[in-house]
>>> print(open('final32.tsv').read())   # TSV, C-alpha atoms
chain	number	residue	atom	x	y	z
K	1	MET	CA	0.00	0.00	0.00
K	2	LYS	CA	2.83	2.36	0.97
K	3	LYS	CA	4.47	1.77	-2.43
K	4	ILE	CA	1.25	2.56	-4.20
K	5	PHE	CA	0.91	5.85	-2.36
K	6	ARG	CA	4.51	6.69	-3.15
K	7	LEU	CA	3.92	5.97	-6.81
K	8	ILE	CA	0.80	8.13	-6.82
K	9	PHE	CA	2.74	10.95	-5.20
K	10	LEU	CA	5.61	10.76	-7.70
K	11	PHE	CA	3.16	10.60	-10.58
K	12	THR	CA	1.37	13.67	-9.22
K	13	LEU	CA	4.71	15.45	-8.94
K	14	PHE	CA	5.48	14.56	-12.55
K	15	LEU	CA	2.08	15.78	-13.67
K	16	THR	CA	2.47	19.11	-11.96
K	17	ARG	CA	5.86	19.62	-13.53
K	18	ALA	CA	4.49	18.80	-16.98
K	19	ALA	CA	1.40	20.93	-16.51
K	20	TYR	CA	3.22	24.10	-15.42
K	21	ALA	CA	5.58	25.18	-18.14
K	22	ASN	CA	8.22	27.60	-17.04
K	23	THR	CA	7.28	31.15	-17.95
K	24	VAL	CA	9.17	34.42	-17.73
K	25	THR	CA	7.69	37.81	-18.59
K	26	GLN	CA	8.77	41.42	-18.95
K	27	THR	CA	6.56	44.42	-19.49
K	28	THR	CA	7.46	47.64	-21.27
K	29	ARG	CA	5.72	50.99	-21.51
K	30	VAL	CA	4.67	52.32	-24.92
K	31	SER	CA	4.26	56.06	-25.27
K	32	PHE	CA	4.13	58.93	-27.72
K	33	GLU	CA	2.82	62.45	-27.85
K	34	ILE	CA	0.82	64.28	-30.50
K	35	GLU	CA	1.58	67.99	-30.67
K	36	PRO	CA	-1.46	70.29	-30.40
K	37	VAL	CA	-2.13	72.35	-33.52
K	38	THR	CA	-4.91	74.84	-34.21
K	39	ALA	CA	-4.97	76.74	-37.49
K	40	VAL	CA	-7.33	79.24	-39.09
K	41	ASN	CA	-7.54	79.59	-42.85
K	42	VAL	CA	-9.43	82.42	-44.49
K	43	ALA	CA	-10.27	82.56	-48.18
K	44	SER	CA	-12.71	84.51	-50.34
K	45	GLU	CA	-14.93	82.99	-52.99
K	46	SER	CA	-12.13	83.50	-55.48
K	47	GLY	CA	-9.72	81.67	-53.19
K	48	VAL	CA	-7.57	84.63	-52.18
K	49	GLN	CA	-7.32	86.15	-48.72
K	50	ALA	CA	-9.19	89.35	-49.59
K	51	VAL	CA	-12.66	90.80	-49.72
K	52	ARG	CA	-13.21	92.82	-52.88
K	53	LEU	CA	-16.41	94.89	-52.82
K	54	GLY	CA	-16.61	96.52	-56.17
K	55	PRO	CA	-16.14	98.18	-58.49
K	56	VAL	CA	-19.10	100.10	-57.15
K	57	ALA	CA	-21.45	102.05	-59.37
K	58	PRO	CA	-23.65	104.65	-57.67
K	59	HIS	CA	-27.04	103.27	-56.74
K	60	ALA	CA	-26.25	99.94	-58.33
K	61	GLU	CA	-27.26	96.63	-56.83
K	62	ILE	CA	-26.00	95.79	-53.37
K	63	THR	CA	-22.61	94.14	-53.52
K	64	THR	CA	-22.06	91.05	-51.37
K	65	GLN	CA	-18.86	89.11	-50.80
K	66	SER	CA	-18.05	86.32	-48.37
K	67	LEU	CA	-15.04	84.86	-46.65
K	68	LYS	CA	-14.81	81.18	-45.76
K	69	VAL	CA	-13.18	80.64	-42.37
K	70	SER	CA	-11.86	77.12	-41.76
K	71	ILE	CA	-10.63	76.05	-38.35
K	72	LYS	CA	-8.49	72.94	-38.29
K	73	THR	CA	-7.41	71.53	-34.97
K	74	ASN	CA	-6.52	68.28	-33.25
K	75	THR	CA	-7.54	69.54	-29.82
K	76	LYS	CA	-10.88	69.48	-28.05
K	77	GLN	CA	-10.48	72.93	-26.55
K	78	HIS	CA	-13.24	75.51	-26.72
K	79	TYR	CA	-12.28	78.56	-28.80
K	80	ARG	CA	-13.65	81.86	-30.05
K	81	VAL	CA	-13.00	83.65	-33.35
K	82	TYR	CA	-12.59	87.43	-33.45
K	83	GLN	CA	-12.76	89.89	-36.31
K	84	ASN	CA	-10.50	92.89	-35.95
K	85	PHE	CA	-10.76	95.76	-38.41
K	86	GLU	CA	-7.67	97.93	-38.20
K	87	GLY	CA	-8.26	101.67	-38.42
K	88	GLU	CA	-10.00	103.03	-41.51
K	89	MET	CA	-10.53	102.28	-45.17
K	90	LEU	CA	-8.61	104.88	-47.10
K	91	SER	CA	-8.08	105.66	-50.75
K	92	SER	CA	-4.59	106.20	-52.15
K	93	ALA	CA	-5.33	109.91	-51.85
K	94	GLY	CA	-6.09	109.46	-48.16
K	95	THR	CA	-9.83	109.87	-48.48
K	96	PRO	CA	-11.71	107.82	-45.87
K	97	PHE	CA	-14.58	105.52	-46.81
K	98	PRO	CA	-17.69	105.53	-44.56
K	99	LEU	CA	-17.20	102.19	-42.81
K	100	GLN	CA	-20.75	102.11	-41.49
K	101	LYS	CA	-21.90	101.46	-45.06
K	102	ILE	CA	-20.31	98.04	-44.93
K	103	LEU	CA	-22.35	95.47	-43.06
K	104	PHE	CA	-21.26	92.00	-42.10
K	105	ARG	CA	-22.67	88.87	-40.49
K	106	ALA	CA	-21.28	85.43	-39.67
K	107	SER	CA	-22.98	82.11	-40.28
K	108	ASN	CA	-23.17	79.23	-37.81
K	109	GLY	CA	-20.51	76.56	-38.11
K	110	GLU	CA	-20.92	73.35	-40.03
K	111	LYS	CA	-19.75	71.31	-37.03
K	112	GLY	CA	-21.75	72.88	-34.23
K	113	GLY	CA	-20.06	76.25	-33.76
K	114	VAL	CA	-22.34	79.25	-33.21
K	115	SER	CA	-22.29	82.70	-34.79
K	116	GLU	CA	-21.92	85.67	-32.48
K	117	ALA	CA	-22.76	88.06	-35.30
K	118	ALA	CA	-25.80	86.45	-36.82
K	119	SER	CA	-27.51	89.74	-37.74
K	120	PRO	CA	-26.04	92.28	-40.20
K	121	THR	CA	-23.76	94.55	-38.21
K	122	GLN	CA	-21.96	97.73	-39.22
K	123	LEU	CA	-18.24	97.37	-39.66
K	124	THR	CA	-16.41	99.38	-37.03
K	125	PRO	CA	-12.75	99.67	-36.14
K	126	GLY	CA	-11.60	97.29	-33.41
K	127	GLU	CA	-12.13	93.72	-32.40
K	128	ILE	CA	-15.38	91.88	-31.88
K	129	PRO	CA	-16.16	88.18	-31.35
K	130	ILE	CA	-17.97	86.68	-34.32
K	131	PHE	CA	-17.96	82.92	-33.70
K	132	THR	CA	-17.69	80.48	-30.83
K	133	SER	CA	-16.94	76.79	-31.09
K	134	SER	CA	-19.13	74.01	-29.78
K	135	SER	CA	-18.34	73.04	-26.20
K	136	GLY	CA	-16.11	70.22	-27.42
K	137	GLY	CA	-14.06	72.47	-29.71
K	138	GLY	CA	-12.80	70.69	-32.80
K	139	ALA	CA	-12.58	71.60	-36.46
K	140	ASP	CA	-15.32	73.74	-37.96
K	141	GLU	CA	-16.09	76.03	-40.89
K	142	PHE	CA	-18.23	79.14	-41.28
K	143	ARG	CA	-18.65	82.16	-43.55
K	144	ILE	CA	-18.55	85.90	-43.01
K	145	TYR	CA	-20.76	87.83	-45.42
K	146	PHE	CA	-19.95	91.46	-46.24
K	147	VAL	CA	-22.55	93.74	-47.80
K	148	LEU	CA	-21.93	97.20	-49.17
K	149	ASP	CA	-24.96	99.43	-48.79
K	150	ASN	CA	-24.69	101.12	-52.14
K	151	THR	CA	-27.61	103.49	-51.87
K	152	GLU	CA	-25.69	106.75	-51.84
K	153	LEU	CA	-22.92	108.35	-53.76
K	154	PHE	CA	-19.42	107.49	-52.54
K	155	PRO	CA	-16.20	109.36	-53.26
K	156	ALA	CA	-14.32	107.94	-56.21
K	157	GLY	CA	-11.17	105.95	-55.56
K	158	LEU	CA	-9.70	102.60	-54.62
K	159	PHE	CA	-10.13	102.03	-50.89
K	160	TYR	CA	-8.15	99.61	-48.77
K	161	GLY	CA	-8.41	98.37	-45.22
K	162	ASN	CA	-7.05	95.52	-43.13
K	163	LEU	CA	-9.18	92.87	-41.52
K	164	ASN	CA	-7.71	90.26	-39.17
K	165	ILE	CA	-9.41	87.02	-38.19
K	166	ASP	CA	-8.00	85.67	-34.92
K	167	LEU	CA	-8.72	82.53	-32.93
K	168	ARG	CA	-8.24	82.25	-29.20
K	169	VAL	CA	-8.50	79.10	-27.14
K	170	GLU	CA	-10.51	79.70	-23.99
Q	1	MET	CA	8.44	29.16	-5.99
Q	2	GLU	CA	9.93	26.03	-4.40
Q	3	ILE	CA	7.96	23.56	-2.34
Q	4	LEU	CA	9.61	20.50	-0.93
Q	5	ILE	CA	7.69	17.73	0.75
Q	6	SER	CA	9.68	15.04	2.43
Q	7	ILE	CA	8.50	11.49	1.83
Q	8	SER	CA	11.61	9.65	2.90
Q	9	GLY	CA	11.55	10.66	6.56
Q	10	SER	CA	8.31	8.88	7.34
Q	11	SER	CA	7.74	5.23	7.29
Q	12	LYS	CA	4.10	5.49	8.12
Q	13	ASN	CA	1.33	5.27	5.57
Q	14	ARG	CA	-0.39	8.19	7.25
Q	15	GLY	CA	2.48	10.56	6.42
Q	16	ILE	CA	2.52	9.43	2.81
Q	17	LYS	CA	-1.23	9.82	2.56
Q	18	ILE	CA	-0.95	13.39	3.83
Q	19	ALA	CA	1.79	14.09	1.29
Q	20	VAL	CA	-0.32	12.72	-1.55
Q	21	LEU	CA	-3.29	14.74	-0.44
Q	22	LEU	CA	-1.14	17.87	-0.18
Q	23	ALA	CA	0.31	17.32	-3.65
Q	24	ALA	CA	-3.13	16.77	-5.12
Q	25	GLY	CA	-4.30	19.89	-3.34
Q	26	PHE	CA	-1.49	21.92	-4.86
Q	27	VAL	CA	-2.42	20.59	-8.30
Q	28	PHE	CA	-5.99	21.77	-7.93
Q	29	ALA	CA	-4.87	25.04	-6.37
Q	30	GLY	CA	-2.61	25.70	-9.36
Q	31	ILE	CA	0.65	25.73	-7.40
Q	32	PRO	CA	3.52	24.15	-9.30
Q	33	LEU	CA	5.59	21.54	-7.52
Q	34	GLY	CA	9.06	20.35	-8.28
Q	35	ARG	CA	10.18	23.50	-10.07
Q	36	ALA	CA	13.43	24.58	-8.57
Q	37	GLN	CA	14.36	27.53	-10.79
Q	38	ASP	CA	13.58	29.31	-14.02
Q	39	GLU	CA	14.42	27.24	-17.05
Q	40	ILE	CA	14.99	30.17	-19.34
Q	41	THR	CA	15.95	33.82	-19.06
Q	42	LEU	CA	14.57	36.74	-21.03
Q	43	GLN	CA	16.40	40.00	-21.53
Q	44	VAL	CA	14.63	42.98	-23.08
Q	45	SER	CA	16.65	45.92	-24.35
Q	46	TYR	CA	15.83	48.97	-26.43
Q	47	VAL	CA	17.91	49.78	-29.48
Q	48	GLY	CA	19.38	53.27	-29.31
Q	49	GLY	CA	19.92	53.32	-25.57
Q	50	ARG	CA	16.32	54.06	-24.66
Q	51	SER	CA	14.60	52.89	-21.52
Q	52	SER	CA	11.15	52.24	-22.96
Q	53	LEU	CA	9.20	52.21	-26.21
Q	54	ASP	CA	8.87	55.99	-26.38
Q	55	PHE	CA	8.21	57.27	-29.90
Q	56	GLY	CA	8.63	60.90	-28.87
Q	57	ARG	CA	6.65	64.00	-29.83
Q	58	LEU	CA	5.05	63.94	-33.25
Q	59	ARG	CA	2.72	66.01	-35.40
Q	60	ASN	CA	-0.38	64.91	-37.23
Q	61	LEU	CA	-1.21	68.42	-38.51
Q	62	GLN	CA	1.04	71.01	-40.09
Q	63	THR	CA	0.93	74.51	-38.62
Q	64	ASP	CA	-1.53	75.50	-41.38
Q	65	GLY	CA	-3.82	72.61	-40.41
Q	66	THR	CA	-3.08	70.31	-43.33
Q	67	PRO	CA	-2.61	66.63	-42.38
Q	68	ALA	CA	0.94	65.53	-41.60
Q	69	ALA	CA	1.75	61.84	-41.37
Q	70	GLU	CA	4.91	61.84	-39.26
Q	71	SER	CA	6.58	58.56	-38.48
Q	72	SER	CA	8.86	57.20	-35.79
Q	73	THR	CA	10.56	53.82	-35.50
Q	74	ARG	CA	11.69	52.05	-32.34
Q	75	GLN	CA	13.26	48.64	-31.90
Q	76	VAL	CA	13.27	46.15	-29.06
Q	77	ARG	CA	15.66	43.25	-28.75
Q	78	LEU	CA	14.66	40.08	-26.92
Q	79	VAL	CA	17.36	37.64	-25.85
Q	80	MET	CA	16.27	34.17	-24.72
Q	81	GLU	CA	18.82	31.95	-22.99
Q	82	PRO	CA	17.81	28.58	-21.56
Q	83	VAL	CA	19.63	27.77	-18.34
Q	84	GLN	CA	22.27	25.09	-18.53
Q	85	GLY	CA	20.86	21.66	-19.19
Q	86	ASN	CA	17.44	22.81	-20.31
Q	87	THR	CA	16.62	21.57	-23.78
Q	88	ARG	CA	12.92	22.23	-23.78
Q	89	PRO	CA	11.46	24.21	-26.67
Q	90	TYR	CA	9.81	27.51	-25.93
Q	91	ILE	CA	7.51	30.07	-27.46
Q	92	VAL	CA	7.60	33.84	-27.27
Q	93	THR	CA	4.33	35.74	-27.00
Q	94	GLN	CA	3.74	39.45	-27.29
Q	95	ILE	CA	0.82	40.62	-25.15
Q	96	VAL	CA	-0.56	44.08	-25.78
Q	97	ASP	CA	-2.04	44.71	-22.35
Q	98	GLN	CA	-3.27	48.12	-23.33
Q	99	GLU	CA	-3.25	49.82	-26.71
Q	100	PRO	CA	-1.81	53.33	-26.50
Q	101	SER	CA	-4.56	55.69	-25.46
Q	102	SER	CA	-4.76	59.35	-24.50
Q	103	GLU	CA	-5.33	60.79	-21.04
Q	104	ALA	CA	-8.97	61.16	-22.07
Q	105	GLY	CA	-9.08	57.42	-22.71
Q	106	LYS	CA	-9.26	57.64	-26.48
Q	107	ALA	CA	-7.28	54.88	-28.16
Q	108	ALA	CA	-4.87	55.75	-30.92
Q	109	SER	CA	-5.84	54.44	-34.32
Q	110	SER	CA	-5.29	50.69	-34.26
Q	111	ARG	CA	-3.29	50.88	-37.47
Q	112	SER	CA	-1.04	53.68	-36.28
Q	113	ILE	CA	1.58	51.25	-34.93
Q	114	VAL	CA	2.71	48.21	-36.88
Q	115	TYR	CA	5.49	45.79	-35.98
Q	116	ARG	CA	7.56	43.07	-37.53
Q	117	VAL	CA	9.81	40.42	-35.99
Q	118	GLU	CA	13.21	39.24	-37.18
Q	119	GLU	CA	15.34	36.45	-35.77
Q	120	GLU	CA	18.87	37.72	-35.29
Q	121	THR	CA	20.25	34.50	-33.85
Q	122	GLY	CA	18.72	31.06	-33.40
Q	123	THR	CA	17.06	28.46	-35.55
Q	124	GLY	CA	13.46	28.81	-34.54
Q	125	THR	CA	10.41	30.00	-36.42
Q	126	VAL	CA	9.22	33.58	-36.55
Q	127	LYS	CA	5.44	33.59	-36.43
Q	128	VAL	CA	4.94	37.21	-37.49
Q	129	THR	CA	6.62	37.54	-40.83
Q	130	SER	CA	4.93	40.67	-42.18
Q	131	GLU	CA	4.01	44.06	-40.78
Q	132	THR	CA	1.18	43.55	-38.31
Q	133	PRO	CA	-0.96	46.15	-36.53
Q	134	LEU	CA	-0.33	46.42	-32.81
Q	135	VAL	CA	-3.71	45.61	-31.33
Q	136	ALA	CA	-4.76	44.52	-27.86
Q	137	GLY	CA	-4.39	40.83	-27.13
Q	138	GLU	CA	-1.87	38.03	-27.36
Q	139	GLN	CA	0.17	37.11	-30.39
Q	140	GLU	CA	2.66	34.27	-30.55
Q	141	ILE	CA	5.63	35.74	-32.34
Q	142	TYR	CA	8.29	33.01	-32.15
Q	143	GLN	CA	8.81	29.33	-31.54
Q	144	SER	CA	12.22	27.91	-30.83
Q	145	ASN	CA	13.50	24.76	-32.43
Q	146	PRO	CA	12.56	21.49	-30.64
Q	147	GLN	CA	15.82	21.53	-28.67
Q	148	GLY	CA	15.35	25.05	-27.35
Q	149	GLY	CA	18.66	26.89	-27.44
Q	150	ASN	CA	19.62	30.54	-27.43
Q	151	SER	CA	17.85	32.98	-29.69
Q	152	GLN	CA	17.68	36.69	-30.24
Q	153	LEU	CA	14.77	38.59	-31.77
Q	154	LEU	CA	14.57	42.14	-33.06
Q	155	ILE	CA	11.09	43.64	-33.03
Q	156	THR	CA	10.66	46.82	-35.06
Q	157	TYR	CA	7.72	49.10	-34.28
Q	158	ASP	CA	6.70	51.80	-36.77
Q	159	LEU	CA	4.36	54.56	-35.67
Q	160	VAL	CA	2.68	56.80	-38.25
Q	161	THR	CA	0.44	59.60	-37.06
Q	162	THR	CA	-3.06	59.95	-38.49
Q	163	PRO	CA	-5.17	63.13	-38.73
Q	164	ASP	CA	-7.92	61.69	-36.53
Q	165	GLN	CA	-5.67	61.47	-33.48
Q	166	GLU	CA	-6.26	64.06	-30.80
Q	167	ALA	CA	-3.36	66.00	-29.39
Q	168	GLY	CA	-1.97	64.73	-26.10
Q	169	SER	CA	0.07	61.98	-24.49
Q	170	TYR	CA	-0.65	58.38	-25.38
Q	171	THR	CA	0.50	55.48	-23.23
Q	172	GLY	CA	0.09	51.72	-23.28
Q	173	SER	CA	2.02	48.60	-22.32
Q	174	ILE	CA	3.36	45.45	-23.89
Q	175	THR	CA	4.37	42.27	-22.08
Q	176	TYR	CA	6.80	39.78	-23.59
Q	177	ARG	CA	6.29	36.23	-22.34
Q	178	VAL	CA	8.57	33.26	-22.87
Q	179	SER	CA	7.11	29.88	-22.02
Q	180	THR	CA	8.83	26.53	-22.17
Q	181	LEU	CA	6.72	23.76	-23.64
>>> encode(input="final32.tsv", output="structure tokens")
Amino acid sequence: MKKIFRLIFLFTLFLTRAAYANTVTQTTRVSFEIEPVTAVNVASESGVQAVRLGPVAPHAEITTQSLKVSIKTNTKQHYRVYQNFEGEMLSSAGTPFPLQKILFRASNGEKGGVSEAASPTQLTPGEIPIFTSSSGGGADEFRIYFVLDNTELFPAGLFYGNLNIDLRVE
Amino acid sequence: MEILISISGSSKNRGIKIAVLLAAGFVFAGIPLGRAQDEITLQVSYVGGRSSLDFGRLRNLQTDGTPAAESSTRQVRLVMEPVQGNTRPYIVTQIVDQEPSSEAGKAASSRSIVYRVEEETGTGTVKVTSETPLVAGEQEIYQSNPQGGNSQLLITYDLVTTPDQEAGSYTGSITYRVSTL
């Protein structure tokens, strides 16, 4: 009987050794970082970064132009877009153009952003917010429409001004 | 783990019976008996003097917002050495415990990291012979020859950024397992 028990024990020992293969492990960490990028691209209907309202004929039809504003980002940060008109619109002779005759409005975004200038607003010097992203941020696209109220006689000339579109993460 | 149960010191059936019952108990409990030491060693090193699989800081968008597919390559070397006298074959398994994911918990694109395995020394069989996406789970990558023996593997990981990846830090982990058969 004792021999039988011994045999059973040795057999069990053999089984356990066969059943449990020797295993060694090592673990490593995998990591990388994606750099945050947020970019704003502005283009007119013709593809250039300019709004050209004219040539203007007195009492002619209202002239409308638009800018497409594209925000490309890999972040989920909330942001706001500002329009900043610098100073005045002047002709080469230094004659100022009545800015209040230019109206603008911004559309809502295609990806959930909201216009902050949904109604036609007179163009004035300085900075105003025109668009805010959805709460989750992300890429979006909207348009700014410019309308020249051409119901009165303007001084002749070629008038220029500078308009900046800025994005700020909030 | 080492567990020794004396069977020679007792001449009584009762002692033997207890030993048998103990051994059987260990079997059911999953505790290996009779294993005195590891039968094989595994060394993991990172080519280029690194201390982990860190691909660094990359871009997936240019500064103007256009997509940028930047790439980074890292290599890991595995050295398997059976201890003296061990001639058992073994397999090497790569376990992706966690795919790289951002702090927000968003996983990187499953095809953003691919890997391939080369045998630098040894006469075994590489099981992953073409570029394979690094996805969560286990993948047997190598089997030694029937006599075991030393072998050395070089695993090359290629990361390519994709435009859908959010900015931020991505981390994950990989376990290399060598098991004798």
>>> interface_residues(input="final32.tsv", of="chain K", to="chain Q", cutoff="6 Å", atoms="all atoms listed in the file", output="list in words")
Lys2, Phe9, Thr16, Ala21, Asn22, Thr23, Val24, Thr25, Gln26, Thr27, Thr28, Arg29, Val30, Ser31, Phe32, Glu33, Ile34, Glu35, Pro36, Ala39, Lys72, Asn74 and Thr75 of chain K
>>> axis_aligned_box(input="final32.tsv", around="stretch 122-133 of chain Q", padding_each_side="5 Å", output="AutoDock Vina command-line options")
--center_x 8.9 --center_y 37.3 --center_z -37.8 --size_x 29.7 --size_y 27.7 --size_z 18.8
>>> atom_distance(input="final32.tsv", atom1="atom CA of K:Leu53", atom2="atom CA of K:Gly109")
23.9 Å
>>> atom_distance(input="final32.tsv", atom1="atom CA of Q:Ser71", atom2="atom CA of K:Ala139")
23.3 Å
>>> atom_distance(input="final32.tsv", atom1="atom CA of K:Glu45", atom2="atom CA of K:Val169")
26.9 Å
>>> residues_near_point(input="final32.tsv", point="(-14.2, 79.1, -41.4)", cutoff="6 Å", atoms="only C-alpha atoms", output="PDB file with C-alpha atoms, in the coordinates of the input")
ATOM      1  CA  LYS K  68     -14.810  81.180 -45.760  1.00  0.00           C
ATOM      2  CA  VAL K  69     -13.180  80.640 -42.370  1.00  0.00           C
ATOM      3  CA  SER K  70     -11.860  77.120 -41.760  1.00  0.00           C
ATOM      4  CA  ILE K  71     -10.630  76.050 -38.350  1.00  0.00           C
ATOM      5  CA  GLU K 141     -16.090  76.030 -40.890  1.00  0.00           C
ATOM      6  CA  PHE K 142     -18.230  79.140 -41.280  1.00  0.00           C
ATOM      7  CA  ARG K 143     -18.650  82.160 -43.550  1.00  0.00           C
TER       8      ARG K 143
END
>>> residues_around(input="final32.tsv", residues="K:Pro98", least_positions_apart="4", cutoff="10 Å", atoms="all atoms listed in the file", output="PyMOL selection string")
chain K and resi 88-90+102+123-124+154-155
>>> residues_around(input="final32.tsv", residues="K:Glu170", least_positions_apart="5", cutoff="9 Å", atoms="all atoms listed in the file", output="list in words")
Gln77, His78, Tyr79 and Arg80 of chain K
>>> residues_around(input="final32.tsv", residues="stretch 165-168 of chain K", least_positions_apart="2", cutoff="8 Å", atoms="only C-alpha atoms", output="PyMOL selection string")
chain K and resi 40+42+79-84+163+170
